[in-house]
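Structure file run09.txt; described as compact mmCIF, C-alpha atoms.
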```
# COMPACT_ATOMS: atom_id res chain seq x y z
CA MET A 1 32.43 4.75 -31.54
CA VAL A 2 31.71 4.33 -27.84
CA HIS A 3 28.38 2.65 -27.24
CA PRO A 4 26.08 4.62 -24.89
CA ALA A 5 26.04 1.77 -22.40
CA GLU A 6 29.84 1.71 -22.32
CA ALA A 7 30.37 5.44 -21.92
CA ASP A 8 31.53 6.55 -18.50
CA THR A 9 29.07 9.31 -17.68
CA ARG A 10 29.55 9.17 -13.90
CA PRO A 11 31.68 12.35 -13.66
CA ALA A 12 28.73 14.33 -15.05
CA HIS A 13 26.44 13.31 -12.19
CA SER A 14 25.51 16.08 -9.81
CA PRO A 15 25.72 15.32 -6.09
CA ALA A 16 22.47 15.52 -4.15
CA SER A 17 21.86 18.63 -2.08
CA PRO A 18 21.61 18.25 1.69
CA LYS A 19 17.92 19.18 1.42
CA LEU A 20 17.18 16.38 -1.06
CA PHE A 21 19.28 13.90 0.94
CA LEU A 22 17.32 14.67 4.11
CA GLU A 23 13.96 14.55 2.33
CA THR A 24 14.76 11.16 0.82
CA TYR A 25 16.10 9.81 4.11
CA ARG A 26 12.81 10.68 5.79
CA TRP A 27 10.83 8.78 3.14
CA MET A 28 13.13 5.82 3.76
CA LEU A 29 12.56 6.08 7.49
CA LEU A 30 8.78 6.29 7.16
CA ALA A 31 8.71 3.29 4.82
CA ARG A 32 10.92 1.21 7.13
CA THR A 33 8.80 2.13 10.16
CA ALA A 34 5.53 1.35 8.36
CA GLU A 35 6.80 -1.99 7.07
CA GLU A 36 8.02 -3.04 10.50
CA LYS A 37 4.52 -2.33 11.84
CA ILE A 38 2.86 -4.34 9.08
CA ALA A 39 5.27 -7.23 9.72
CA ASN A 40 4.33 -7.19 13.41
CA LEU A 41 0.62 -7.19 12.54
CA TYR A 42 1.20 -10.11 10.17
CA ARG A 43 3.00 -12.13 12.84
CA SER A 44 0.15 -11.46 15.26
CA GLY A 45 -2.41 -12.79 12.78
CA LYS A 46 -3.98 -9.45 11.85
CA ILE A 47 -2.83 -9.42 8.19
CA VAL A 48 -4.18 -11.88 5.62
CA GLY A 49 -2.01 -12.76 2.61
CA GLY A 50 1.68 -12.10 2.00
CA VAL A 51 3.84 -9.37 3.48
CA PHE A 52 6.93 -8.31 1.54
CA LEU A 53 9.47 -5.90 2.96
CA GLY A 54 11.88 -3.53 1.23
CA LYS A 55 14.42 -3.58 4.06
CA GLY A 56 17.81 -2.78 2.54
CA GLN A 57 16.37 -1.37 -0.69
CA GLU A 58 14.86 1.88 0.57
CA ALA A 59 17.67 4.15 -0.67
CA LEU A 60 17.33 2.90 -4.23
CA SER A 61 13.54 2.99 -4.24
CA ALA A 62 13.14 6.39 -2.59
CA SER A 63 15.79 7.92 -4.86
CA LEU A 64 13.72 6.96 -7.87
CA GLY A 65 10.50 8.27 -6.34
CA VAL A 66 11.86 11.71 -5.46
CA HIS A 67 13.12 12.28 -9.01
CA LEU A 68 9.77 11.59 -10.66
CA LYS A 69 7.29 14.41 -11.21
CA PRO A 70 3.51 14.77 -11.43
CA GLY A 71 2.53 13.47 -14.87
CA ASP A 72 5.17 10.74 -14.83
CA ILE A 73 4.35 7.04 -14.65
CA PHE A 74 5.63 4.82 -11.84
CA ALA A 75 5.16 1.05 -11.65
CA PRO A 76 6.68 -0.07 -8.34
CA LEU A 77 7.41 -3.63 -7.32
CA ILE A 78 6.95 -5.39 -3.98
CA ARG A 79 9.94 -3.77 -2.23
CA ASP A 80 9.26 -0.20 -3.32
CA GLN A 81 7.30 1.23 -0.42
CA ALA A 82 9.84 4.03 0.00
CA GLY A 83 9.55 4.95 -3.67
CA ARG A 84 5.77 4.77 -3.55
CA MET A 85 5.66 7.25 -0.67
CA ALA A 86 8.20 9.56 -2.29
CA PHE A 87 6.08 9.56 -5.46
CA GLY A 88 2.95 10.47 -3.52
CA GLU A 89 1.27 7.36 -2.12
CA SER A 90 -0.23 8.14 1.26
CA LEU A 91 0.56 6.17 4.39
CA LEU A 92 -3.18 5.52 4.74
CA ASP A 93 -3.38 3.94 1.27
CA TYR A 94 -0.62 1.55 2.30
CA ILE A 95 -2.09 0.61 5.68
CA ARG A 96 -5.66 0.39 4.38
CA THR A 97 -4.73 -2.01 1.60
CA TYR A 98 -2.90 -4.43 3.87
CA MET A 99 -5.68 -4.33 6.45
CA GLY A 100 -8.51 -4.69 3.93
CA SER A 101 -10.25 -1.37 4.57
CA ARG A 102 -13.23 -0.52 2.37
CA LEU A 103 -11.82 3.02 2.13
CA GLY A 104 -8.49 1.99 0.58
CA PRO A 105 -7.59 2.36 -3.11
CA MET A 106 -8.53 -1.28 -3.77
CA GLN A 107 -11.64 -1.05 -1.52
CA GLY A 108 -10.60 -4.13 0.42
CA ARG A 109 -10.37 -6.34 -2.66
CA ASP A 110 -6.67 -7.09 -2.47
CA GLY A 111 -4.70 -7.96 0.64
CA ASN A 112 -1.18 -6.79 -0.14
CA ILE A 113 0.71 -5.07 -2.92
CA HIS A 114 -1.55 -4.91 -6.00
CA ARG A 115 -2.65 -1.37 -5.37
CA GLY A 116 -2.33 1.81 -7.36
CA ARG A 117 -3.97 4.97 -8.59
CA PRO A 118 -3.48 4.80 -12.38
CA ARG A 119 -5.08 8.19 -13.07
CA GLU A 120 -2.38 9.72 -10.89
CA GLY A 121 0.41 7.79 -12.61
CA MET A 122 0.83 5.03 -10.00
CA LEU A 123 0.24 1.70 -11.72
CA ALA A 124 -1.01 -1.30 -9.78
CA MET A 125 1.63 -4.01 -9.80
CA ILE A 126 1.29 -7.25 -11.77
CA SER A 127 2.86 -10.10 -9.80
CA HIS A 128 4.33 -11.82 -12.87
CA LEU A 129 7.91 -10.59 -12.83
CA GLY A 130 8.92 -8.48 -15.79
CA ALA A 131 5.34 -7.66 -16.72
CA MET A 132 5.54 -4.03 -15.64
CA VAL A 133 8.30 -3.25 -18.18
CA PRO A 134 6.08 -3.70 -21.26
CA THR A 135 3.15 -2.20 -19.35
CA VAL A 136 5.01 1.05 -18.75
CA ALA A 137 6.38 0.98 -22.30
CA GLY A 138 2.80 0.70 -23.57
CA ALA A 139 1.67 3.56 -21.36
CA LEU A 140 4.47 5.72 -22.73
CA MET A 141 3.46 4.81 -26.29
CA ALA A 142 -0.10 5.90 -25.45
CA ARG A 143 1.22 9.22 -24.17
CA ARG A 144 3.14 9.65 -27.41
CA PHE A 145 0.04 8.97 -29.52
CA LYS A 146 -1.80 11.64 -27.50
CA GLY A 147 0.99 14.15 -28.08
CA ILE A 148 1.95 14.29 -24.39
CA LYS A 149 5.61 15.23 -23.97
CA GLY A 150 8.11 15.62 -21.15
CA CYS A 151 7.01 12.65 -19.06
CA VAL A 152 9.07 9.69 -17.88
CA GLY A 153 7.95 6.14 -17.13
CA ALA A 154 9.79 4.16 -14.48
CA THR A 155 9.56 0.67 -13.10
CA CYS A 156 11.59 -1.56 -10.84
CA ILE A 157 12.53 -5.22 -11.01
CA GLY A 158 14.80 -7.68 -9.27
CA ASP A 159 17.77 -9.53 -10.71
CA GLY A 160 15.71 -12.68 -11.24
CA GLY A 161 13.05 -10.81 -13.18
CA THR A 162 15.57 -9.73 -15.82
CA SER A 163 15.56 -13.32 -17.09
CA THR A 164 11.88 -13.23 -18.05
CA GLY A 165 10.49 -12.88 -21.55
CA ALA A 166 8.38 -9.87 -20.59
CA PHE A 167 11.48 -7.97 -19.44
CA HIS A 168 13.19 -8.66 -22.78
CA GLU A 169 10.17 -7.79 -24.92
CA GLY A 170 9.38 -4.62 -23.00
CA LEU A 171 12.92 -3.26 -22.92
CA ASN A 172 13.48 -4.18 -26.58
CA LEU A 173 10.33 -2.31 -27.60
CA ALA A 174 11.31 0.70 -25.50
CA ALA A 175 14.78 0.73 -27.05
CA VAL A 176 13.49 0.54 -30.63
CA GLU A 177 10.95 3.31 -29.96
CA ARG A 178 13.40 5.40 -27.90
CA LEU A 179 10.89 5.69 -25.09
CA PRO A 180 11.67 7.71 -21.93
CA LEU A 181 11.70 4.55 -19.79
CA VAL A 182 13.84 4.02 -16.68
CA VAL A 183 14.18 0.40 -15.57
CA VAL A 184 15.74 0.04 -12.13
CA VAL A 185 17.15 -3.39 -11.31
CA ALA A 186 17.65 -4.14 -7.63
CA ASN A 187 20.29 -6.85 -7.78
CA ASN A 188 19.82 -8.18 -4.26
CA GLN A 189 21.92 -11.24 -5.13
CA TYR A 190 19.03 -13.73 -5.05
CA ALA A 191 15.96 -14.48 -7.17
CA TYR A 192 14.01 -15.68 -4.14
CA SER A 193 16.61 -18.32 -3.14
CA THR A 194 18.51 -18.66 -6.45
CA PRO A 195 21.92 -16.91 -6.33
CA ASN A 196 23.28 -14.73 -9.14
CA SER A 197 25.66 -17.51 -10.20
CA ARG A 198 22.69 -19.63 -11.29
CA GLN A 199 20.80 -16.79 -12.97
CA PHE A 200 23.05 -15.17 -15.55
CA ALA A 201 26.48 -15.70 -17.10
CA CYS A 202 27.57 -12.07 -17.59
CA SER A 203 29.71 -10.59 -14.85
CA ASP A 204 27.33 -7.67 -14.25
CA LEU A 205 23.70 -7.20 -15.31
CA VAL A 206 24.44 -3.67 -16.52
CA GLN A 207 26.29 -5.29 -19.43
CA ARG A 208 22.89 -6.22 -20.85
CA ALA A 209 22.30 -2.56 -21.69
CA VAL A 210 24.70 -2.92 -24.64
CA GLY A 211 22.63 -5.71 -26.17
CA TYR A 212 19.45 -3.66 -26.05
CA GLY A 213 21.08 -0.46 -27.27
CA VAL A 214 20.22 1.52 -24.15
CA GLU A 215 22.27 3.47 -21.65
CA GLY A 216 23.41 1.54 -18.60
CA HIS A 217 24.30 2.78 -15.12
CA SER A 218 25.67 1.00 -12.06
CA VAL A 219 24.96 2.20 -8.54
CA ASP A 220 25.77 1.20 -4.98
CA GLY A 221 22.28 0.49 -3.67
CA THR A 222 23.41 0.85 -0.05
CA ASP A 223 24.64 4.42 -0.55
CA LEU A 224 21.89 7.05 -0.59
CA ALA A 225 24.12 9.76 -2.07
CA ASP A 226 25.13 7.48 -4.94
CA CYS A 227 21.52 6.41 -5.52
CA LEU A 228 20.31 10.01 -5.66
CA SER A 229 23.07 11.01 -8.06
CA VAL A 230 22.75 8.06 -10.45
CA LEU A 231 18.95 7.89 -10.46
CA GLY A 232 18.68 11.64 -10.92
CA HIS A 233 21.01 11.43 -13.89
CA ALA A 234 19.16 8.46 -15.44
CA VAL A 235 15.74 10.09 -15.08
CA GLU A 236 17.02 13.32 -16.62
CA ARG A 237 18.62 11.42 -19.54
CA ALA A 238 15.31 9.70 -20.25
CA ARG A 239 13.33 12.94 -19.91
CA SER A 240 15.64 14.82 -22.27
CA GLY A 241 15.24 12.37 -25.16
CA HIS A 242 18.11 9.91 -24.72
CA GLY A 243 15.89 6.83 -24.68
CA PRO A 244 15.61 4.04 -22.11
CA GLN A 245 17.94 3.90 -19.13
CA LEU A 246 18.88 0.67 -17.35
CA VAL A 247 20.06 1.21 -13.77
CA VAL A 248 21.52 -1.77 -11.92
CA ALA A 249 22.02 -1.49 -8.16
CA SER A 250 24.10 -3.80 -5.99
CA LEU A 251 22.63 -4.44 -2.56
CA LEU A 252 21.27 -7.23 -0.37
CA ARG A 253 17.73 -7.94 0.71
CA LEU A 254 17.91 -7.67 4.50
CA ALA A 255 14.86 -9.86 5.05
CA GLY A 256 13.32 -12.97 3.58
CA HIS A 257 11.55 -12.97 0.24
CA GLY A 258 8.43 -12.41 2.33
CA GLU A 259 7.64 -12.66 6.00
CA HIS A 260 6.94 -16.36 5.45
CA ASP A 261 10.60 -16.91 4.47
CA ASP A 262 13.50 -17.06 6.96
CA ALA A 263 16.17 -16.40 4.25
CA HIS A 264 18.37 -19.24 5.56
CA TYR A 265 19.86 -19.63 2.07
CA ILE A 266 21.62 -16.23 2.07
CA ASP A 267 25.39 -16.56 2.29
CA PRO A 268 26.49 -15.20 5.72
CA GLN A 269 29.56 -13.66 4.06
CA LEU A 270 27.31 -11.44 1.95
CA ARG A 271 25.72 -10.06 5.08
CA LYS A 272 29.18 -9.03 6.31
CA ALA A 273 30.27 -7.57 2.97
CA ALA A 274 29.74 -4.01 1.73
CA VAL A 275 26.73 -5.16 -0.29
CA GLY A 276 25.03 -6.22 2.94
CA ARG A 277 25.13 -2.80 4.62
CA ASP A 278 21.90 -1.22 5.83
CA CYS A 279 21.19 1.80 3.62
CA LEU A 280 19.05 3.47 6.28
CA ARG A 281 21.75 3.24 8.93
CA LEU A 282 24.41 4.46 6.48
CA ALA A 283 22.28 7.46 5.47
CA GLU A 284 21.70 8.36 9.11
CA ASP A 285 25.42 8.11 9.84
CA GLU A 286 26.13 10.40 6.90
CA ILE A 287 23.62 12.98 8.16
CA LEU A 288 25.25 13.06 11.58
CA LYS A 289 28.78 13.05 10.18
CA ARG A 290 28.06 16.04 7.95
CA GLN A 291 26.10 17.75 10.75
CA TRP A 292 23.06 18.20 8.52
CA ALA A 293 20.98 17.44 11.60
CA ALA A 294 21.64 17.00 15.31
CA PRO A 295 21.18 13.59 16.98
CA ALA A 296 18.13 14.91 18.84
CA GLU A 297 16.54 15.99 15.57
CA VAL A 298 17.11 12.57 13.98
CA GLU A 299 15.61 10.92 17.03
CA ALA A 300 12.59 13.22 16.71
CA TRP A 301 12.13 12.05 13.11
CA HIS A 302 12.07 8.45 14.32
CA THR A 303 9.46 9.33 16.94
CA ALA A 304 7.36 11.24 14.42
CA ALA A 305 7.43 8.37 11.91
CA GLN A 306 6.37 5.92 14.62
CA SER A 307 3.54 8.22 15.65
CA GLN A 308 2.34 8.62 12.05
CA VAL A 309 2.24 4.87 11.54
CA GLU A 310 0.44 4.16 14.81
CA ASP A 311 -2.14 6.85 14.04
CA ALA A 312 -2.72 5.42 10.56
CA VAL A 313 -3.20 1.90 11.92
CA ALA A 314 -5.56 3.10 14.66
CA SER A 315 -7.60 5.05 12.11
CA THR A 316 -7.77 2.09 9.73
CA LEU A 317 -8.94 -0.27 12.46
CA ARG A 318 -12.04 1.91 12.87
CA GLU A 319 -12.91 1.72 9.16
CA PRO A 320 -15.39 -0.71 7.56
CA LEU A 321 -14.41 -3.88 5.75
CA PRO A 322 -16.08 -4.72 2.41
CA ASP A 323 -19.50 -6.37 2.76
CA PRO A 324 -19.81 -9.30 0.30
CA GLY A 325 -23.58 -8.86 0.29
CA GLU A 326 -23.38 -5.26 -0.88
CA GLU A 327 -20.32 -5.24 -3.14
CA THR A 328 -20.84 -5.17 -6.89
CA TRP A 329 -17.29 -6.54 -7.47
CA GLN A 330 -17.09 -4.73 -10.80
CA ALA A 331 -13.85 -3.18 -11.98
CA LEU A 332 -13.12 -0.10 -9.91
CA SER A 333 -12.78 2.04 -13.03
CA THR A 334 -16.19 1.13 -14.50
CA PRO A 335 -18.89 1.99 -11.91
CA HIS A 336 -20.83 3.80 -14.63
CA LEU A 337 -21.70 0.44 -16.20
CA ASN A 338 -24.12 -0.20 -13.32
CA GLU A 339 -25.85 3.16 -13.58
CA GLY A 340 -29.41 3.27 -14.84
```
Write the structure described by the file as structure tokens, please.
Amino acid sequence: MVHPAEADTRPAHSPASPKLFLETYRWMLLARTAEEKIANLYRSGKIVGGVFLGKGQEALSASLGVHLKPGDIFAPLIRDQAGRMAFGESLLDYIRTYMGSRLGPMQGRDGNIHRGRPREGMLAMISHLGAMVPTVAGALMARRFKGIKGCVGATCIGDGGTSTGAFHEGLNLAAVERLPLVVVVANNQYAYSTPNSRQFACSDLVQRAVGYGVEGHSVDGTDLADCLSVLGHAVERARSGHGPQLVVASLLRLAGHGEHDDAHYIDPQLRKAAVGRDCLRLAEDEILKRQWAAPAEVEAWHTAAQSQVEDAVASTLREPLPDPGEETWQALSTPHLNEG
């Protein structure tokens, strides 16, 4: 019998429509533009805390976001701004959180990426790598107990995070319970500065799917069309009752671990290899090659994204910061405890 993780299901994948390709590209572009602005603000001393960019991973992240639906659960990681936006996070939520606005989803209590809107299915990230896998699995179990059907839970992780105990425990639970969980692994070749060769002994992380008894999929994380096809297929498999899906993407982080890191440890040959291609540039080239948009139209999208970001920053700069003398500092979900 062919194990699900060994079956070659790639021929069954449907190619993305031009409309979906263009929609996803524009989420990628907005995320890249917004992150470049935040990086500039950080370097000029206007951002407190860490800044982590998803440069090079936007195709993978956005492709997951566009395939999720209202009612689904999404637990993004630090390089998933494109996926966050595609799933529904506003540009203002992003800018407000980094700039500490009192009007942001965290009300100025967190300076970078621990933001979310759980009631809308967007979970706030836990920094401990691997932790979001059991968290989403637990949320899916809760949905099951409530009799809620048809939803999918998705989370992302890096190659290094697959070596954590939480990753193992969460994926093992999801496999045993046949939960509709999609775990997307961005294998960007380094766990911070530790290369793949010092992280795992298998030749490809997708081989781990066999051990957990889940379906495994490989994808070229630099290729938007491939990401849309594979992620769409994985999400649909989970939604239709086929249990957890492990998607492993090959790509390269095109920036440091954070803006504090110059990434000097990355092998220069990887930057020149196919894995080091810029997914945003490749997607744009594909759009022009297939004449899905004229060069002037693509340029207008760049201008519009820049304008959106600048407007969001300008608006946020006029907003109040939290006042320590007035804040209750209670959990955001329990304001009723102070009533009466």
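Going from CA of Pro76 in chain A to CA of Gly116 in chain A covers 9.3 Å.
Residue nearest Ala175 in chain A within the list A:Met122, A:Glu297, A:Leu246, A:Asp220: A:Leu246 [criterion: smallest interatomic distance, only C-alpha atoms].
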Could you give me, as a tab-separated table, a per-residue list for range 162-184 of chain A showing, wherever an atom lies at most 10 Å from an atom of range 239-244 of chain A, the closest pair of atoms and their distance in Å to one decimal, using only C-alpha atoms and sorting by chain then residue number from low to high?
```
residue	atom	partner	partner_atom	distance
A:Leu171	CA	A:Pro244	CA	7.8
A:Asn172	CA	A:Pro244	CA	9.6
A:Leu173	CA	A:Pro244	CA	9.9
A:Ala174	CA	A:Pro244	CA	6.4
A:Ala175	CA	A:Pro244	CA	6.0
A:Val176	CA	A:Gly243	CA	9.0
A:Glu177	CA	A:Gly243	CA	8.0
A:Arg178	CA	A:Gly243	CA	4.3
A:Leu179	CA	A:Gly243	CA	5.1
A:Pro180	CA	A:Gly243	CA	5.1
A:Leu181	CA	A:Pro244	CA	4.6
A:Val182	CA	A:Pro244	CA	5.7
A:Val183	CA	A:Pro244	CA	7.6
```
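Taking CA of Ile126 in chain A and CA of Leu321 in chain A as the two end points, the separation is 23.8 Å.
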Please, which residues are within 10 Å of (7.9, -3.1, -0.8) by the file's coordinates, counting only C-alpha atoms, and could they come as a PyMOL selection string?
chain A and resi 31-32+35+51-55+57-58+61+76-84+112-113+258
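Taking CA of Ala137 in chain A and CA of Gly153 in chain A as endpoints, the distance between them is 7.5 Å.
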